[in-house]
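Take a look at the structure below.
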Amino acid sequence: MSDHQVRLSRETSPYLLQHATNPVDWYPWGQEALQKAKEENKPIFLSIGYSSCHWCHVMAHECFENQKIAELMNQWFVNIKVDREEYPDVDAIYMKALVELTGQGGWPLSIFLTPDQKPYLGGTYFPPTPKFNRPGFPQILEEAYKLFSDDPIQTDIKSQNLLEKIHLQNKAGKSLGVKPSKLIKGAIDILKKRFDEEYGGFGSGMKFPEPMHYTLMLRYWAETGDEETLHILDKSLTKMAEGGVFDQLGGGFHRYSTDRFWRVPHFEKMLYDNGLLAKLFLDMFQATKQDIYREIPEQIFFWMESEMTSQEGAFFSSQDADTDGKEGIWYTWELKEVLNLLGPKHAKIFSKAFGMTPKGQLGGRNVLYLNMKVEALADMENIPIFEADHILKKGKKTLFEARRKRTCPDTDKKIITSWNGLMITALATGYSVLGEEKYIKTAKRCAEFIWSEQWKDGKLHRIYKDGQSSIAGCLEDYAYFFEALITLYETSLQSEWISKARQVADAMIKEFWDKDEGGFFLSGKLRERLVTKLKNPADEAMPSSNAIASMALLKLGRLTGNKTYIEKSEETLKAFQVFIEQSPVAFTGLLSTLSASNLSPTEVIFAGPKEDAVFNEMWKVLHTDYRPNKVVVWSENGESNLPLTEGKNSIEPTVYICQKGTCHPPVSTAKALDRLLERPQEIRLNIYDENKKNAQILEKEQNNFMGVMGKIFQQSGITRPSNEE
């Protein structure tokens with residue numbers, strides 16, 4: 001076994017292990033590789049990707065398995081392979097650099113560095129020979145080597161200028177003092193202009209989930225009642241849920257749609273997407289009461305339980321896009337397969353419902369998407385709705401079972417603290433919104449595992465794999481897990497979660513806070529020193545860690561009465577005010593915190609025994625509607641140390657409410673609580689037209705049935721009773 005094979009085989013990252021047999025002399029990120037580059041004065045080729053990335057696999061197969069290309073790489077460079085999911089701060093720095101160099105980014109991230117880690121040339125996927133209007137990778141290697149060896153001084157100046165430009169993004173500058181309401185409306189107005197009226201989402205090309213955009217829009221609707229905003233939400237989330245970007249058989253969202261229609265996705269499934277989207281759909285269910293917004297989180301949680309849960313109760317990070325080197329093959333169907341599985345009649349109805357054709361969308365294979373609703377299908381086929389519904393449900397079950405017999409995509413089984421935090425938040429919210437006890441049990445089990453294995457000596461670790469905790473946590477891990485702990489307290493009302501949240505918050509402030517400019521750095525004091533430090537306040541594939549940290553601190557401050565947490569939240573917003581003023585739509589996560597901080601919270605204090613049925617009824621009333629600015633505590637029969645519970649004791653279930661600066665007398669019934677709570681915004685969507693249409697179809701079916709029965713009565717010599725009788 002060669003040296004690099006030994007080096008990578010010691011790693012736990014599935015992505016690095018996939019490259020252990022390459023002829024490239026790979027090093028993992030760390031001091032050994034960085035020191036070698038300095039000592040030998042060799043440039044670094046840094047390759048960043050992740051295990052479920054399709055084009056990462058393509059480049060690995062075409063270039064990194066190519067002996068001749070590997071010889072060039074080994075001769076000229078120190079080659080470092082990084083799993084972006086392990087080192088998001090390293091990825092963030094060099095992705096910023098790539099965007100500055102080329103105007104765009106993506107994975108695989110292929111970038112060349114000076115021996116002291118300064119970037120000077122880069123790109124994403126490179127083919128082995130020129131094609132797709134891209135140069136061949138050997139040409140790029142030669143160019144990168146010549147730039148460094150022929151003119152090292154100029155290359156160093158160029159890379160230093162690039163780093164300084166990136167570093168300036170941390171500088172706050174002077175704010176114009178634009179009011180929060182104007183900044184929020186500015187972002188909403190831009191999103192309205194970008195909205196695809198026909199297919200939902202934003203823009204007219206590839207579609208990404210972008211949950212933070214929709215979260216801000218939902219908050220804006222809850223505050224203003226703006227109908228257009230709710231229409232955008234309803235159209236976009238419905239199209240997402242009905243599209244091929246959602247796995248119609250097994251549940252869970254794929255990464256993004258390659259087309260405008262949400263139809264053909266890139267097929268990798270990421271834990272973070274599904275945690276964020278489950279929470280968003282639950283919020284939307286509270287706001288609109290539409291079944292689709294309840295069903296989607298339920299299907300996401302089903303996927304998580306059946307395919308993504310470790311023995312310890314934590315969640316794996318992702319599932320691959322490829323099976324046997326072909327993208328999406330596990331999820332897609334040839335029409336003849338469905339015909340053989342379902343039979344001619346059922347296959348005809350199923351294929352119409354799910355948009356299947358002989359040609360398909362991917363080389364004769366079909367991505368399932370909701371092409372026709374069951375009511376329209378029943379009408380077209382002249383069959384009852386219940387029969388059409390039965391055919392579709394049975395067909396989905398049959399295809400799902402058939403799919404399970406195929407070779408499954410690989411699952412990246414590393415456990416990432418931050419991503420688990422997102423799913424804990426979603427599951428805990430699922431319990432409070434849907435009332436399913438199993439969701440809070442699953443959330444607690446995961447949180448207990450993260451706490452026992454990843455929180456050590458007052459610090460968080462990022463990765464757990466093969467029984468090992470590794471890599472010091474970055475801001476993302478602290479912020480997302482911190483948010484999860486607060487959500488667990490507000491949904492379980494167990495004080496242990498508040499205690500843990502305080503510990504994580506204090507460690508986060510100590511480890512990541514920028515004392516000079518405010519806000520949080522992505523890398524803490526425990527991480528290896530990087531070539532520059534970033535804060536990344538804008539939302540990208542995931543919400544800004546600064547945004548999540550700021551919101552969680554605001555909530556914790558309101559729950560505990562500790563003003564330090566609220567001050568840190570406000571200082572974080574101030575640190576990025578200038579950037580938000582320049583481009584509000586890029587900072588929808590921070591704008592959600594800004595929205596929350598400028599509205600007085602609805603403080604809800606429960607007292608009395610939690611096991612009582614009346615307590616449960618009042619709990620359900622509180623969580624029936626979307627109330628994003630509520631703070632929920634339990635007095636624990638006078639034993640709580642939270643200031644909000646002071647003097648609020650009761651031997652029977654009781655709720656105390658303060659809203660809009662007014663504290664009301666306590667109530668002890670669900671009806672009284674419902675009367676007391678501020679009314680949510682009125683819903684005015686076209687969904688009721690659909691309900692009316694469905695009612696008409698059902699009435700037509702009923703009339704047809706009665707007509708047929710009348711003829712049977714007549715033919716049998718039985719007189720049908722008249723209305724007069």
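Each chain in the structure tokens gets a letter, A, B and so on, in the order shown; residues start at 1 in every chain, and ligands are counted from 1 in the order they appear.
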With DSSP run on the backbone, what are the strand (DSSP E) residues within range 26-178 of chain A? I'd like them as a list in words.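 DSSP-assigned strand (DSSP E) residues in range 26-178 of chain A: Trp26, Tyr27, Pro28, Ile44, Phe45, Leu46, Ser47, Ile48, Gly49, Val78, Asn79, Ile80, Lys81, Val82, Asp83, Leu109, Ser110, Ile111, Phe112, Leu113, Pro119, Tyr120, Leu121, Gly122 and Gly123 of chain A.
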Give me every alpha helix (DSSP H) residue in range 1-188 of chain A, going by DSSP on the backbone, as a PyMOL selection string. chain A and resi 3-9+14-18+31-40+54-59+67-76+88-102+137-150+152-167+180-188
Quick one: of A:Arg527, A:Lys359, A:His623, A:Lys630, who's nearest to Trp29 in chain A, counting only C-alpha atoms?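 Comparing A:Arg527, A:Lys359, A:His623, A:Lys630 against Trp29 in chain A, the winner is A:Arg527.
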Need to verify the contact set: Glu483 in chain A, 9 Å, only C-alpha atoms, exclusion of same-chain residues closer than 2 positions in sequence. Can you return it as a PDB file with N, CA and C atoms, in the first residue's frame?
ATOM      1  N   GLY A 421     -28.480  19.046  14.145  1.00  0.00           N
ATOM      2  CA  GLY A 421     -29.215  20.115  14.819  1.00  0.00           C
ATOM      3  C   GLY A 421     -30.429  20.567  14.022  1.00  0.00           C
ATOM      4  N   LEU A 422     -30.273  20.704  12.706  1.00  0.00           N
ATOM      5  CA  LEU A 422     -31.391  21.121  11.852  1.00  0.00           C
ATOM      6  C   LEU A 422     -32.526  20.104  11.892  1.00  0.00           C
ATOM      7  N   THR A 425     -34.399  20.207  15.241  1.00  0.00           N
ATOM      8  CA  THR A 425     -35.335  21.338  15.237  1.00  0.00           C
ATOM      9  C   THR A 425     -36.607  20.986  14.473  1.00  0.00           C
ATOM     10  N   TYR A 478     -22.089  24.952  16.391  1.00  0.00           N
ATOM     11  CA  TYR A 478     -22.574  25.587  17.617  1.00  0.00           C
ATOM     12  C   TYR A 478     -23.946  26.234  17.392  1.00  0.00           C
ATOM     13  N   ALA A 479     -24.083  26.984  16.307  1.00  0.00           N
ATOM     14  CA  ALA A 479     -25.315  27.743  16.067  1.00  0.00           C
ATOM     15  C   ALA A 479     -26.507  26.823  15.825  1.00  0.00           C
ATOM     16  N   TYR A 480     -26.345  25.835  14.952  1.00  0.00           N
ATOM     17  CA  TYR A 480     -27.470  24.961  14.599  1.00  0.00           C
ATOM     18  C   TYR A 480     -27.874  24.062  15.762  1.00  0.00           C
ATOM     19  N   PHE A 481     -26.874  23.565  16.509  1.00  0.00           N
ATOM     20  CA  PHE A 481     -27.202  22.713  17.660  1.00  0.00           C
ATOM     21  C   PHE A 481     -27.799  23.545  18.793  1.00  0.00           C
ATOM     22  N   LEU A 485     -31.432  22.926  20.647  1.00  0.00           N
ATOM     23  CA  LEU A 485     -31.632  22.791  22.093  1.00  0.00           C
ATOM     24  C   LEU A 485     -32.749  23.706  22.588  1.00  0.00           C
ATOM     25  N   ILE A 486     -32.807  24.926  22.038  1.00  0.00           N
ATOM     26  CA  ILE A 486     -33.880  25.851  22.428  1.00  0.00           C
ATOM     27  C   ILE A 486     -35.234  25.309  21.964  1.00  0.00           C
ATOM     28  N   THR A 487     -35.270  24.808  20.718  1.00  0.00           N
ATOM     29  CA  THR A 487     -36.517  24.248  20.193  1.00  0.00           C
ATOM     30  C   THR A 487     -36.962  23.057  21.030  1.00  0.00           C
ATOM     31  N   LEU A 488     -36.007  22.242  21.455  1.00  0.00           N
ATOM     32  CA  LEU A 488     -36.351  21.098  22.304  1.00  0.00           C
ATOM     33  C   LEU A 488     -36.955  21.551  23.630  1.00  0.00           C
ATOM     34  N   ALA A 501     -28.435  24.607  26.348  1.00  0.00           N
ATOM     35  CA  ALA A 501     -28.397  25.718  25.386  1.00  0.00           C
ATOM     36  C   ALA A 501     -27.523  26.856  25.903  1.00  0.00           C
ATOM     37  N   ILE A 548     -28.457  32.160  12.151  1.00  0.00           N
ATOM     38  CA  ILE A 548     -29.007  31.177  13.091  1.00  0.00           C
ATOM     39  C   ILE A 548     -28.551  31.489  14.520  1.00  0.00           C
ATOM     40  N   ALA A 549     -27.277  31.857  14.666  1.00  0.00           N
ATOM     41  CA  ALA A 549     -26.752  32.209  15.993  1.00  0.00           C
ATOM     42  C   ALA A 549     -27.488  33.408  16.567  1.00  0.00           C
ATOM     43  N   MET A 551     -30.530  34.561  15.839  1.00  0.00           N
ATOM     44  CA  MET A 551     -31.914  34.229  16.197  1.00  0.00           C
ATOM     45  C   MET A 551     -31.960  33.412  17.486  1.00  0.00           C
ATOM     46  N   ALA A 552     -31.064  32.435  17.603  1.00  0.00           N
ATOM     47  CA  ALA A 552     -31.052  31.586  18.798  1.00  0.00           C
ATOM     48  C   ALA A 552     -30.710  32.388  20.050  1.00  0.00           C
ATOM     49  N   LEU A 553     -29.768  33.328  19.919  1.00  0.00           N
ATOM     50  CA  LEU A 553     -29.421  34.182  21.058  1.00  0.00           C
ATOM     51  C   LEU A 553     -30.592  35.063  21.472  1.00  0.00           C
ATOM     52  N   LYS A 555     -33.775  34.337  21.114  1.00  0.00           N
ATOM     53  CA  LYS A 555     -34.741  33.467  21.789  1.00  0.00           C
ATOM     54  C   LYS A 555     -34.279  33.114  23.203  1.00  0.00           C
TER      55      LYS A 555
END
CA of Ala443 in chain A to CA of Tyr565 in chain A, straight-line distance in Å: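 If I compute the distance from CA of Tyr565 in chain A to CA of Ala443 in chain A, I get 24.9 Å.
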Which one of A:Ile566, A:Val58, A:Ala187, A:Ala376 sits closest to Gln582 in chain A if you count only C-alpha atoms?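 Using only C-alpha atoms, the shortest distance to Gln582 in chain A belongs to A:Ala187.
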I'd like the contact shell of Lys36 in chain A - 12 Å cut-off, only C-alpha atoms, skipping same-chain residues fewer than 4 positions apart - returned as an MDAnalysis selection string. chainID A and resid 27 29:32 40:44 77:80 115:117
From A:Arg219, A:Pro180, A:Gly325, A:Lys193, residue lying nearest Cys53 in chain A [only C-alpha atoms]: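 Once distances to Cys53 in chain A are computed over only C-alpha atoms, the minimum belongs to A:Gly325.
Candidate residues A:Met372, A:Ile683, A:Leu113, A:Val245 were compared for distance to Ala37 in chain A, and the nearest is A:Leu113, using only C-alpha atoms.
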Go ahead and compute the interatomic distance for CA of Leu276 in chain A and CA of Ser583 in chain A, in Å to one decimal. 23.0 Å
Spatial neighbours of Phe195 in chain A, max dist 10 Å, only C-alpha atoms, sep filter under 5 positions, as a ChimeraX atom specification: /A:189-190,200-204,232-233,235-236
Keeping only N, CA, C and O atoms, write those residues as a compact mmCIF listing (two decimals), in the first residue's frame.
# COMPACT_ATOMS: atom_id res chain seq x y z
N ASP A 189 -39.72 42.66 -1.95
CA ASP A 189 -40.01 43.21 -3.28
C ASP A 189 -39.13 42.58 -4.35
O ASP A 189 -39.58 42.31 -5.47
N ILE A 190 -37.85 42.37 -4.02
CA ILE A 190 -36.94 41.73 -4.99
C ILE A 190 -37.40 40.30 -5.26
O ILE A 190 -37.42 39.85 -6.42
N GLY A 200 -43.57 28.62 -9.99
CA GLY A 200 -43.11 28.82 -8.63
C GLY A 200 -41.60 28.90 -8.54
O GLY A 200 -40.88 28.64 -9.51
N GLY A 201 -41.11 29.28 -7.39
CA GLY A 201 -39.69 29.47 -7.22
C GLY A 201 -39.23 30.79 -7.79
O GLY A 201 -40.05 31.62 -8.20
N PHE A 202 -37.93 30.98 -7.85
CA PHE A 202 -37.38 32.26 -8.28
C PHE A 202 -36.48 32.07 -9.50
O PHE A 202 -35.66 31.15 -9.55
N GLY A 203 -36.67 32.93 -10.49
CA GLY A 203 -35.89 32.84 -11.72
C GLY A 203 -36.54 31.91 -12.71
O GLY A 203 -37.60 31.33 -12.47
N SER A 204 -35.88 31.75 -13.87
CA SER A 204 -36.47 30.95 -14.94
C SER A 204 -35.54 29.83 -15.40
O SER A 204 -35.71 29.27 -16.47
N ILE A 232 -47.11 33.48 -3.39
CA ILE A 232 -45.77 33.03 -3.82
C ILE A 232 -45.36 31.79 -3.03
O ILE A 232 -44.85 30.81 -3.59
N LEU A 233 -45.58 31.83 -1.73
CA LEU A 233 -45.25 30.68 -0.88
C LEU A 233 -46.04 29.44 -1.30
O LEU A 233 -45.47 28.36 -1.48
N LYS A 235 -47.68 28.70 -4.09
CA LYS A 235 -47.36 28.22 -5.45
C LYS A 235 -46.01 27.51 -5.45
O LYS A 235 -45.88 26.40 -5.99
N SER A 236 -45.01 28.13 -4.85
CA SER A 236 -43.65 27.59 -4.90
C SER A 236 -43.52 26.28 -4.13
O SER A 236 -42.98 25.30 -4.65
Within 10 Å of Lys574 in chain A using only C-alpha atoms, minus same-chain residues under 5 positions, as a ChimeraX atom specification: /A:172,175,177,517-519,568-569,579-580,594
Need the shell around Leu341 in chain A: protein/DNA/RNA residues with any atom at most 9 Å away, counting only C-alpha atoms. Skip same-chain ones fewer than 6 positions apart. Format as a ChimeraX atom specification? /A:347,395,398-399,402
Keeping N, CA, C and O atoms, export the residues of the selection given above as a compact mmCIF listing (two decimals), in the first residue's frame.
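Saved result, again03.txt, follows:
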# COMPACT_ATOMS: atom_id res chain seq x y z
N ALA A 347 -51.18 0.72 -15.01
CA ALA A 347 -50.00 1.43 -15.51
C ALA A 347 -50.40 2.66 -16.31
O ALA A 347 -49.74 3.71 -16.23
N GLY A 395 -50.06 1.56 -6.66
CA GLY A 395 -48.95 1.66 -7.61
C GLY A 395 -47.69 2.19 -6.96
O GLY A 395 -46.59 1.67 -7.19
N THR A 398 -46.19 -0.54 -4.82
CA THR A 398 -45.57 -1.59 -5.63
C THR A 398 -44.21 -1.13 -6.16
O THR A 398 -43.22 -1.86 -6.10
N LEU A 399 -44.15 0.10 -6.68
CA LEU A 399 -42.89 0.62 -7.21
C LEU A 399 -41.86 0.83 -6.11
O LEU A 399 -40.66 0.59 -6.31
N ALA A 402 -40.42 -2.49 -5.32
CA ALA A 402 -39.55 -2.92 -6.42
C ALA A 402 -38.23 -2.15 -6.39
O ALA A 402 -37.16 -2.72 -6.65
Separation of CA of Glu381 in chain A from CA of Tyr293 in chain A in Å: 27.9 Å
Could you make a table, as a Markdown table, of the residues of range 430-455 of chain A that have an atom within 10 Å of an atom of range 279-292 of chain A, each with its nearest atom pair and distance in Å to one decimal, counting only C-alpha atoms, in chain and number order?
| residue | atom | partner | partner_atom | distance |
| --- | --- | --- | --- | --- |
| A:Gly430 | CA | A:Leu282 | CA | 6.7 |
| A:Ser432 | CA | A:Leu282 | CA | 9.7 |
| A:Val433 | CA | A:Leu282 | CA | 7.0 |
| A:Leu434 | CA | A:Leu282 | CA | 8.4 |
At a cut-off of 10 Å, can you tabulate as JSON lines every residue of range 106-219 of chain A near range 64-74 of chain A together with its closest atom pair and the distance in Å to one decimal, using only C-alpha atoms and ordering rows by chain then number?
{"residue": "A:Pro128", "atom": "CA", "partner": "A:Ile69", "partner_atom": "CA", "distance": 8.0}
{"residue": "A:Phe137", "atom": "CA", "partner": "A:Ile69", "partner_atom": "CA", "distance": 7.9}
{"residue": "A:Pro138", "atom": "CA", "partner": "A:Ile69", "partner_atom": "CA", "distance": 6.3}
{"residue": "A:Leu141", "atom": "CA", "partner": "A:Met73", "partner_atom": "CA", "distance": 7.1}
{"residue": "A:Glu142", "atom": "CA", "partner": "A:Leu72", "partner_atom": "CA", "distance": 8.3}
{"residue": "A:Tyr145", "atom": "CA", "partner": "A:Met73", "partner_atom": "CA", "distance": 9.6}
Given only C-alpha atoms as the basis, pick out the residue of A:Ala547, A:Met618, A:Cys658, A:Ala378 nearest to Leu216 in chain A.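 Closest to Leu216 in chain A, using only C-alpha atoms: A:Ala547.
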